[in-house]
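Engineer: Dumping the structure here so I can ask a few things about it.
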Amino acid sequence: MEEVLNRVNNVKDLRKLNIKEKQKLADEIRELILKTVSKTGGHLASNLGVVELTIALHSVFKTPRDSIIWDVGHQTYVHKILTGRKDKMDTLRQLNGIAGFPKTSESEFDCFNTGHSSTSISVALGMARANKLANINNKVIAVIGDGALTGGMAQEALNDAGASNTDVTVILNDNEMSISKNVGGMTYFLSKLRTKKFYTRTNARIKMVTQKIPGVGKYIVRIAQKIKRGIKQVFIKKMYYEDIGFTYLGPVDGHDIEKLESVFKTSKSIKGPVLIHVVTKKGKGYKIAEENPDKFHSTSSFNIETGKPVKEKKDDYAKVFGNKLLELAKKDDKIVAVSAAMIDGTGLKEFKKQLPNRIFDVGIAEQHALGMAAGLAKNGFKPVVSIYSSFYQRAYDQVIHDICIQNLPVVMCVDRAGIVGNDGETHQGIFDMAFFSIIPNITIMAPKNFEELEKMLEEAVLLNSPVVIRYPRGGEGETKFEKCDNVELGKAEILKEGKDLTIVAIGKMVERAMEVSNLLKEQGIDCEVINARFLKPLDTCTIETSIRKTRNVISIEDGILRGGLGTSINELINESKIDGVHMKAYGYDDIFVQHGSVAELEKLNGLDAKSIALSIQILEKLSEL
Ligand SMILES: Cc1ncc(C[n+]2csc(CCOP(=O)(O)OP(=O)(O)O)c2C)c(N)n1
């Protein structure tokens with residue numbers, strides 16, 4: 001029985017509850033999240049870990065006047081439940097339902113959109129500075145995980161905030177986990193801090209007691225803080241956060257609402273930047289997730305009793321990539337793998353198990369991953385980096401400056417390329433072809449199926465220059481292709497000959513091209529289907545010959561149109577001066593794509609086979625044949 005949750009529709013209701021009721025509320029919220037995510041899929045373990053933290057935050061801070069910026073934003077289900085969206089939880093991550101991440105368009109309580117890691121402290125500091133300039137006295141709070149703290153942007157922001165003399169609060173949600181166990185030197189430091197329970201109590205008590213003394217309270221706090229710092233220096237040689245300008249409070253038990261509220265109240269009266277160190281357990285309250293927090297970081301729908309996925313997981317591109325890379329690395333000891341906190345997601349788990357010295361997990365640090373890979377390549381190794389498409393966005397300069405200008409042989413695998421579905425606009429991998437294709441020295445390929453990915457990887461590690469291989473989330477399509485030619489640099493593959501219409505597609509959209517071709521055949525239109533394989537260098541010869549024959553061409557790609565395959569074919573038509581050609585490009589047209597299933601989103605954007613085949617523009621042109 002959801003006795004308390006039934007009464008809590010918004011933060012005002014929450015603030016009326018006593019501590020016992022809030023504790024009961026926490027249990028009920030956990031149940032709702034478990035029930036929801038077991039059906040919709042989503043980020044389970046991170047949300048179960050922040051139930052008390054979120055309750056305490058909304059109890060003490062006056063949201064939405066005070067702003068909470070959630071780093072990554074995958075842990076905001078509790079926040080959504082408490083801020084008026086409880087009844088929409090069954091629509092979580094579904095098309096037209098509530099998003100899995102904060103969205104300013106969804107609620108005034110979502111004060112900033114997030115999805116990518118390590119941005120919250122910068123944004124919070126910007127907001128706090130704006131408040132200061134405008135004489136507005138509202139609080140700004142960044143909630144950041146220990147994983148997200150490994151990101152360079154977070155470190156840059158801490159550096160700036162520490163010396164800013166600005167009232168900004170950073171809440172470090174430390175659960176010792178990124179998606180997997182957190183990595184890097186910062187984790188050693190945090191584990192030392194975590195054990196210093198003594199200081200929490202001292203800190204909070206000094207402030208609580210002394211601030212109650214009228215007149216001299218503030219003065220005493222300052223002296224006490226100085227003494228406290230002195231003591232701390234004796235026990236913790238380098239009190240890093242205080243040294244760079246923060247007042248450090250903690251560590252606090254992140255599942256004790258009373259303690260959390262107490263430390264948050266204390267923090268409100270402290271001038272300048274404050275860092276509150278909160279220790280939580282990922283997956284808290286659901287034993288199966290507590291024991292497997294990495295598996296339940298992000299999950300598809302599952303059975304609550306057993307924790308088993310509803311649909312058995314089939315092989316996917318990431319796994320095929322990981323297995324093939326391991327096979328190649330066993331034969332060539334110059335091959336090394338690089339991951340930015342995504343060993344499991346990118347299929348490198350087995351590689352790590354079998355060749356632990358030849359894989360580097362650098363944390364949520366895509367810029368560093370690529371810079372470091374450039375160094376490995378410069379000194380004679382063949383680094384293969386696997387990063388999700390949308391996360392390459394933040395390492396663009398490293399691709400240009402560290403890798404491509406020096407023409408270094410780094411293989412950049414772009415996982416989750418194209419539409420990823422329910423994670424929504426921050427995660428859709430639709431920009432990579434456009435932003436990679438304009439960089440000199442780079443080769444860009446995309447496989448139509450698993451077999452072609454393996455062949456492309458074989459080819460990529462032999463090339464002595466930067467290579468991108470992009471492939472989608474999940475498995476290959478249903479189509480069994482009759483052939484899979486060996487991969488030859490810059491060579492496309494003609495899958496079907498025809499005389500009326502040339503269809504050029506790349507990557508997973510090659511299957512779509514075959515479907516379109518079959519549908520059009522029923523209408524008497526004979527298509528030539530070309531698997532481009534390479535976006536760069538494009539096989540202009542094969543494509544031009546086909547266009548000259550059919551005089552009608554369409555391109556299909558799972559990326560933003562400008563700068564992608566369609567743009568390249570249009571350029572080819574113009575440069576080769578092929579007159580009287582009807583051309584239409586199918587892809588995502590100048591748009592950020594929302595959340596929903598991949599199939600729904602493709603249909604919505606006119607990219608399913610039926611929509612393409614029925615596309616009025618094409619049929620009009622073709623009727624002239
Ligand atoms: C730039 C970027 N790289 C990778 C990811 C994928 N990712 C999402 S959550 C996460 C781990 C976050 O760990 P932490 O901040 O500690 O939060 P927790 O889930 O443990 O609460 C990662 C790597 C991302 N969202 N953004």
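To be explicit about the labels: the chains of the structure tokens are called A, B, and onward in the order shown, and within each one the residues are counted from 1, while ligands get numbers from 1 in the order they are shown.
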Need to verify the contact set: stretch 507-511 of chain A, 8 Å, only C-alpha atoms, exclusion of same-chain residues closer than 2 positions in sequence. Can you return it as a list in words?
Structural biologist: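 Skipping anything fewer than 2 positions along the chain leaves Met445, Ala446, Pro447, Lys448, Asn449, Arg470, Tyr471, Pro472, Glu476, Gly477, Thr479, Val504, Ala505, Ala513, Met514, Glu515, Ile530, Asn531, Arg533, Ile556, Glu557 and Asp558 of chain A.
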Engineer: Show me which residues line ligand 1, defined as having an atom within 6 Å of a ligand atom where only C-alpha atoms and all ligand atoms count, and present them as a PyMOL selection string.
Structural biologist: chain A and resi 46+72+115-117+144-148+175+177-179+341+364+391
Engineer: Which is closer to A:Pro293 than all the others in A:Val310, A:Ser437, A:Asn47, A:Ile543, using only C-alpha atoms?
Structural biologist: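 Closest to A:Pro293, using only C-alpha atoms: A:Asn47.
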Engineer: Within stretch 357-489 of chain A, find each residue whose DSSP state, derived from the backbone, is alpha helix (DSSP H), and express the selection as a PyMOL selection string.
Structural biologist: chain A and resi 366-378+389-392+396-397+432-437+450-460
Engineer: Please compute the atom CA of A:Glu451-atom CA of A:Ile506 distance, one decimal, in Å.
Structural biologist: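 Computing the Euclidean distance for atom CA of A:Glu451 and atom CA of A:Ile506 yields 14.8 Å.
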Engineer: Do you know which residues are at most 9 Å from stretch 103-109 of chain A counting only C-alpha atoms, after dropping those on the same chain fewer than 2 positions away, and could you put them as a PDB file with N, CA and C atoms, in the first residue's frame?
Structural biologist:
```
ATOM      1  N   THR A  63      13.138  24.186  -4.075  1.00  0.00           N
ATOM      2  CA  THR A  63      12.947  23.995  -5.516  1.00  0.00           C
ATOM      3  C   THR A  63      11.507  24.362  -5.873  1.00  0.00           C
ATOM      4  N   PRO A  64      11.183  24.893  -7.021  1.00  0.00           N
ATOM      5  CA  PRO A  64      12.078  25.112  -8.147  1.00  0.00           C
ATOM      6  C   PRO A  64      12.824  26.448  -8.115  1.00  0.00           C
ATOM      7  N   ARG A  65      12.592  27.230  -7.029  1.00  0.00           N
ATOM      8  CA  ARG A  65      13.324  28.506  -6.946  1.00  0.00           C
ATOM      9  C   ARG A  65      14.817  28.217  -6.866  1.00  0.00           C
ATOM     10  N   SER A  67      17.896  25.752  -7.713  1.00  0.00           N
ATOM     11  CA  SER A  67      18.059  24.894  -8.895  1.00  0.00           C
ATOM     12  C   SER A  67      18.925  23.676  -8.581  1.00  0.00           C
ATOM     13  N   ILE A  68      18.450  22.513  -9.009  1.00  0.00           N
ATOM     14  CA  ILE A  68      19.291  21.309  -8.891  1.00  0.00           C
ATOM     15  C   ILE A  68      19.675  20.874 -10.300  1.00  0.00           C
ATOM     16  N   HIS A  79      13.348  12.274  -8.543  1.00  0.00           N
ATOM     17  CA  HIS A  79      13.071  13.706  -8.708  1.00  0.00           C
ATOM     18  C   HIS A  79      11.785  13.910  -9.512  1.00  0.00           C
ATOM     19  N   LYS A  80      11.602  13.120 -10.553  1.00  0.00           N
ATOM     20  CA  LYS A  80      10.396  13.266 -11.382  1.00  0.00           C
ATOM     21  C   LYS A  80       9.147  12.865 -10.592  1.00  0.00           C
ATOM     22  N   THR A  83       8.164  15.623  -8.248  1.00  0.00           N
ATOM     23  CA  THR A  83       7.870  16.940  -8.823  1.00  0.00           C
ATOM     24  C   THR A  83       6.741  16.868  -9.846  1.00  0.00           C
ATOM     25  N   GLY A  84       5.699  16.133  -9.456  1.00  0.00           N
ATOM     26  CA  GLY A  84       4.458  16.183 -10.230  1.00  0.00           C
ATOM     27  C   GLY A  84       4.331  15.187 -11.360  1.00  0.00           C
ATOM     28  N   ARG A  85       5.270  14.250 -11.494  1.00  0.00           N
ATOM     29  CA  ARG A  85       5.186  13.343 -12.637  1.00  0.00           C
ATOM     30  C   ARG A  85       4.982  11.877 -12.238  1.00  0.00           C
ATOM     31  N   ILE A  98       7.256  10.705 -20.573  1.00  0.00           N
ATOM     32  CA  ILE A  98       8.297  11.498 -19.927  1.00  0.00           C
ATOM     33  C   ILE A  98       9.678  10.916 -20.262  1.00  0.00           C
ATOM     34  N   ALA A  99      10.649  11.812 -20.302  1.00  0.00           N
ATOM     35  CA  ALA A  99      11.992  11.417 -20.719  1.00  0.00           C
ATOM     36  C   ALA A  99      12.737  10.718 -19.582  1.00  0.00           C
ATOM     37  N   GLY A 100      13.756   9.977 -19.933  1.00  0.00           N
ATOM     38  CA  GLY A 100      14.594   9.318 -18.930  1.00  0.00           C
ATOM     39  C   GLY A 100      15.634  10.257 -18.341  1.00  0.00           C
ATOM     40  N   PHE A 101      15.686  11.467 -18.824  1.00  0.00           N
ATOM     41  CA  PHE A 101      16.661  12.470 -18.363  1.00  0.00           C
ATOM     42  C   PHE A 101      15.904  13.784 -18.095  1.00  0.00           C
ATOM     43  N   CYS A 111      15.772  22.096 -14.308  1.00  0.00           N
ATOM     44  CA  CYS A 111      16.246  23.431 -14.664  1.00  0.00           C
ATOM     45  C   CYS A 111      17.334  23.394 -15.737  1.00  0.00           C
ATOM     46  N   PHE A 112      17.790  22.214 -16.100  1.00  0.00           N
ATOM     47  CA  PHE A 112      18.791  22.135 -17.169  1.00  0.00           C
ATOM     48  C   PHE A 112      18.787  20.732 -17.751  1.00  0.00           C
ATOM     49  N   ASN A 113      18.863  20.641 -19.089  1.00  0.00           N
ATOM     50  CA  ASN A 113      18.908  19.321 -19.732  1.00  0.00           C
ATOM     51  C   ASN A 113      20.289  18.695 -19.569  1.00  0.00           C
ATOM     52  N   THR A 114      20.299  17.427 -19.200  1.00  0.00           N
ATOM     53  CA  THR A 114      21.569  16.693 -19.178  1.00  0.00           C
ATOM     54  C   THR A 114      21.371  15.321 -19.819  1.00  0.00           C
TER      55      THR A 114
END
```
Engineer: DSSP on the backbone: what in stretch 458-572 of chain A comes out strand (DSSP E), as a ChimeraX atom specification?
Structural biologist: /A:467-470,493-496,501-505,527-531,534-536,552-560
Engineer: Please produce a file of the residues just selected, as a short mmCIF file (atom, residue, chain, number, x, y, z; two decimals), in the first residue's frame, where the atoms kept are N, CA, C and O atoms.
Structural biologist:
```cif
data_model
loop_
_atom_site.label_atom_id
_atom_site.label_comp_id
_atom_site.auth_asym_id
_atom_site.auth_seq_id
_atom_site.Cartn_x
_atom_site.Cartn_y
_atom_site.Cartn_z
N VAL A 467 41.06 5.87 -38.73
CA VAL A 467 39.89 5.17 -39.30
C VAL A 467 38.71 5.27 -38.34
O VAL A 467 38.87 5.13 -37.13
N VAL A 468 37.54 5.47 -38.92
CA VAL A 468 36.30 5.40 -38.14
C VAL A 468 35.49 4.22 -38.66
O VAL A 468 35.34 4.05 -39.86
N ILE A 469 34.99 3.38 -37.75
CA ILE A 469 34.01 2.36 -38.13
C ILE A 469 32.78 2.60 -37.27
O ILE A 469 32.86 2.57 -36.05
N ARG A 470 31.66 2.88 -37.91
CA ARG A 470 30.44 3.16 -37.13
C ARG A 470 29.45 2.00 -37.26
O ARG A 470 29.28 1.43 -38.35
N GLU A 493 29.83 -1.89 -52.71
CA GLU A 493 29.43 -3.25 -53.08
C GLU A 493 28.04 -3.16 -53.74
O GLU A 493 27.11 -2.62 -53.14
N ILE A 494 27.96 -3.67 -54.96
CA ILE A 494 26.63 -3.67 -55.60
C ILE A 494 25.91 -4.94 -55.17
O ILE A 494 26.35 -6.05 -55.44
N LEU A 495 24.80 -4.76 -54.47
CA LEU A 495 24.08 -5.92 -53.94
C LEU A 495 23.02 -6.41 -54.91
O LEU A 495 22.64 -7.56 -54.90
N LYS A 496 22.51 -5.48 -55.72
CA LYS A 496 21.49 -5.88 -56.69
C LYS A 496 21.57 -4.93 -57.87
O LYS A 496 21.67 -3.72 -57.68
N LEU A 501 16.17 2.83 -60.71
CA LEU A 501 16.50 3.69 -59.56
C LEU A 501 17.72 3.15 -58.83
O LEU A 501 17.80 1.95 -58.55
N THR A 502 18.68 4.05 -58.56
CA THR A 502 19.84 3.66 -57.75
C THR A 502 19.53 3.96 -56.29
O THR A 502 19.13 5.09 -55.97
N ILE A 503 19.70 2.98 -55.44
CA ILE A 503 19.58 3.25 -53.99
C ILE A 503 20.96 3.04 -53.39
O ILE A 503 21.52 1.95 -53.46
N VAL A 504 21.52 4.12 -52.81
CA VAL A 504 22.80 4.00 -52.13
C VAL A 504 22.53 4.11 -50.63
O VAL A 504 21.90 5.08 -50.18
N ALA A 505 22.99 3.14 -49.89
CA ALA A 505 22.77 3.19 -48.44
C ALA A 505 24.07 2.82 -47.74
O ALA A 505 25.00 2.28 -48.36
N CYS A 527 15.25 -1.63 -58.98
CA CYS A 527 16.27 -0.83 -58.27
C CYS A 527 17.65 -1.47 -58.35
O CYS A 527 17.79 -2.70 -58.30
N GLU A 528 18.64 -0.61 -58.39
CA GLU A 528 20.03 -1.06 -58.21
C GLU A 528 20.41 -0.67 -56.78
O GLU A 528 20.28 0.49 -56.40
N VAL A 529 20.83 -1.66 -55.99
CA VAL A 529 21.13 -1.36 -54.57
C VAL A 529 22.64 -1.38 -54.35
O VAL A 529 23.31 -2.39 -54.60
N ILE A 530 23.15 -0.25 -53.87
CA ILE A 530 24.59 -0.15 -53.61
C ILE A 530 24.84 0.01 -52.11
O ILE A 530 24.28 0.91 -51.47
N ASN A 531 25.66 -0.86 -51.60
CA ASN A 531 26.12 -0.73 -50.21
C ASN A 531 27.39 0.14 -50.25
O ASN A 531 28.44 -0.32 -50.68
N PHE A 534 31.94 2.71 -47.61
CA PHE A 534 32.81 3.83 -47.21
C PHE A 534 32.08 5.15 -47.44
O PHE A 534 31.60 5.40 -48.54
N LEU A 535 31.99 5.95 -46.38
CA LEU A 535 31.50 7.32 -46.61
C LEU A 535 32.67 8.14 -47.12
O LEU A 535 32.52 9.05 -47.92
N LYS A 536 33.87 7.74 -46.66
CA LYS A 536 35.08 8.44 -47.06
C LYS A 536 36.25 7.48 -47.11
O LYS A 536 36.49 6.85 -46.08
N ASN A 552 18.05 8.18 -61.67
CA ASN A 552 17.28 8.43 -60.44
C ASN A 552 18.07 7.83 -59.28
O ASN A 552 18.51 6.68 -59.37
N VAL A 553 18.21 8.62 -58.22
CA VAL A 553 18.99 8.08 -57.11
C VAL A 553 18.41 8.54 -55.77
O VAL A 553 17.96 9.69 -55.64
N ILE A 554 18.40 7.61 -54.83
CA ILE A 554 18.12 8.03 -53.45
C ILE A 554 19.25 7.50 -52.56
O ILE A 554 19.91 6.51 -52.89
N SER A 555 19.48 8.22 -51.47
CA SER A 555 20.45 7.75 -50.48
C SER A 555 19.69 7.52 -49.18
O SER A 555 18.73 8.24 -48.89
N ILE A 556 20.12 6.53 -48.42
CA ILE A 556 19.49 6.27 -47.10
C ILE A 556 20.60 6.13 -46.06
O ILE A 556 21.52 5.31 -46.22
N GLU A 557 20.49 6.93 -45.00
CA GLU A 557 21.51 6.87 -43.95
C GLU A 557 20.85 7.10 -42.60
O GLU A 557 19.80 7.76 -42.52
N ASP A 558 21.45 6.60 -41.53
CA ASP A 558 20.88 6.84 -40.20
C ASP A 558 21.70 7.92 -39.50
O ASP A 558 22.28 7.72 -38.43
N GLY A 559 21.70 9.07 -40.14
CA GLY A 559 22.43 10.21 -39.59
C GLY A 559 21.81 11.50 -40.08
O GLY A 559 20.89 11.48 -40.92
N ILE A 560 22.32 12.59 -39.56
CA ILE A 560 21.82 13.91 -39.97
C ILE A 560 22.20 14.11 -41.44
O ILE A 560 23.28 13.71 -41.87
#
```
Engineer: From the set A:Lys268, A:Asp402, A:Ala26, A:Pro251, which residue has the shortest atom-to-atom contact distance to A:Lys192, counting only C-alpha atoms?
Structural biologist: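 Comparing A:Lys268, A:Asp402, A:Ala26, A:Pro251 against A:Lys192, the winner is A:Pro251.
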Engineer: Atom CA of A:Lys610 and atom CA of A:Lys311, how far apart in Å?
Structural biologist: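 If I compute the distance from atom CA of A:Lys311 to atom CA of A:Lys610, I get 26.7 Å.
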Engineer: Between A:Gly380, A:Ile444, A:Ile141, A:Leu457, single out the one closest to A:Glu327, counting only C-alpha atoms.
Structural biologist: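 That would be A:Leu457, the residue with the smallest distance to A:Glu327.
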Engineer: From the set A:Lys584, A:Lys62, A:Arg358, A:Leu5, which residue has the shortest atom-to-atom contact distance to A:Glu21, counting only C-alpha atoms?
Structural biologist: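 Looking only at the distances to A:Glu21, the closest residue turns out to be A:Leu5.
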Engineer: Please list as a VMD selection string every residue within 10 Å of A:Gly126, counting only C-alpha atoms and excluding residues in the same chain fewer than 4 positions away.
Structural biologist: chain A and resid 120 to 122 130 to 132 140 157 161 166 168
Engineer: Could you save those same residues with C-alpha atoms as a CSV table (one decimal), in the first residue's frame?
Structural biologist:
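File written: result.csv
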```csv
chain,number,residue,atom,x,y,z
A,120,SER,CA,26.8,19.8,-13.9
A,121,ILE,CA,29.4,21.8,-12.0
A,122,SER,CA,30.1,24.1,-14.9
A,130,ALA,CA,24.3,34.8,-13.0
A,131,ASN,CA,22.3,34.9,-9.7
A,132,LYS,CA,25.1,36.8,-8.0
A,140,VAL,CA,22.3,26.4,-7.1
A,157,ALA,CA,34.7,23.4,-13.2
A,161,ALA,CA,34.5,27.1,-8.7
A,166,THR,CA,30.6,32.1,-5.4
A,168,VAL,CA,27.5,27.1,-5.3
```
Engineer: One decimal, Å: what's the distance from atom CA of A:Glu454 over to atom CA of A:Phe321, could you say?
Structural biologist: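 Straight-line distance from atom CA of A:Glu454 to atom CA of A:Phe321 works out to 6.9 Å.
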Engineer: Within 7 Å of A:Gln398, counting only C-alpha atoms, which residues show up once you throw out same-chain ones fewer than 4 positions away? Write them as a list in words, please.
Structural biologist: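 Returned residues: Gln367, Leu370, Gly371, Asp402 and Ile403 of chain A.
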Engineer: Save the residues we just selected, all heavy atoms, as a JSON list (two decimals), in the first residue's frame?
Structural biologist:
```json
[["chain", "number", "residue", "atom", "x", "y", "z"],
["A", 367, "GLN", "N", 37.91, 12.78, -24.16],
["A", 367, "GLN", "CA", 38.99, 13.61, -24.73],
["A", 367, "GLN", "C", 40.33, 12.96, -24.43],
["A", 367, "GLN", "O", 41.17, 12.78, -25.31],
["A", 367, "GLN", "CB", 38.97, 15.00, -24.10],
["A", 367, "GLN", "CG", 37.65, 15.70, -24.24],
["A", 367, "GLN", "CD", 37.67, 17.09, -23.64],
["A", 367, "GLN", "OE1", 38.53, 17.43, -22.84],
["A", 367, "GLN", "NE2", 36.72, 17.90, -24.02],
["A", 370, "LEU", "N", 41.13, 9.73, -26.42],
["A", 370, "LEU", "CA", 41.63, 9.89, -27.78],
["A", 370, "LEU", "C", 43.02, 10.52, -27.79],
["A", 370, "LEU", "O", 43.87, 10.14, -28.62],
["A", 370, "LEU", "CB", 40.63, 10.70, -28.62],
["A", 370, "LEU", "CG", 39.40, 9.84, -28.93],
["A", 370, "LEU", "CD1", 38.20, 10.67, -29.31],
["A", 370, "LEU", "CD2", 39.69, 8.81, -30.02],
["A", 371, "GLY", "N", 43.27, 11.44, -26.88],
["A", 371, "GLY", "CA", 44.63, 12.00, -26.78],
["A", 371, "GLY", "C", 45.62, 10.92, -26.41],
["A", 371, "GLY", "O", 46.71, 10.81, -26.99],
["A", 402, "ASP", "N", 44.92, 15.90, -32.25],
["A", 402, "ASP", "CA", 45.88, 14.90, -31.77],
["A", 402, "ASP", "C", 46.05, 13.73, -32.74],
["A", 402, "ASP", "O", 47.11, 13.11, -32.79],
["A", 402, "ASP", "CB", 45.43, 14.35, -30.40],
["A", 402, "ASP", "CG", 45.40, 15.44, -29.35],
["A", 402, "ASP", "OD1", 46.21, 16.39, -29.45],
["A", 402, "ASP", "OD2", 44.57, 15.37, -28.43],
["A", 403, "ILE", "N", 44.98, 13.44, -33.50],
["A", 403, "ILE", "CA", 45.04, 12.24, -34.34],
["A", 403, "ILE", "C", 45.19, 12.57, -35.83],
["A", 403, "ILE", "O", 46.16, 12.15, -36.47],
["A", 403, "ILE", "CB", 43.79, 11.35, -34.09],
["A", 403, "ILE", "CG1", 43.79, 10.87, -32.63],
["A", 403, "ILE", "CG2", 43.75, 10.17, -35.05],
["A", 403, "ILE", "CD1", 42.54, 10.17, -32.17]]
```
Engineer: Using only C-alpha atoms, pick whichever of A:Pro466, A:Gly162, A:Gly283, A:Asp167 has the shortest atom-to-atom distance to A:Ile400.
Structural biologist: A:Pro466
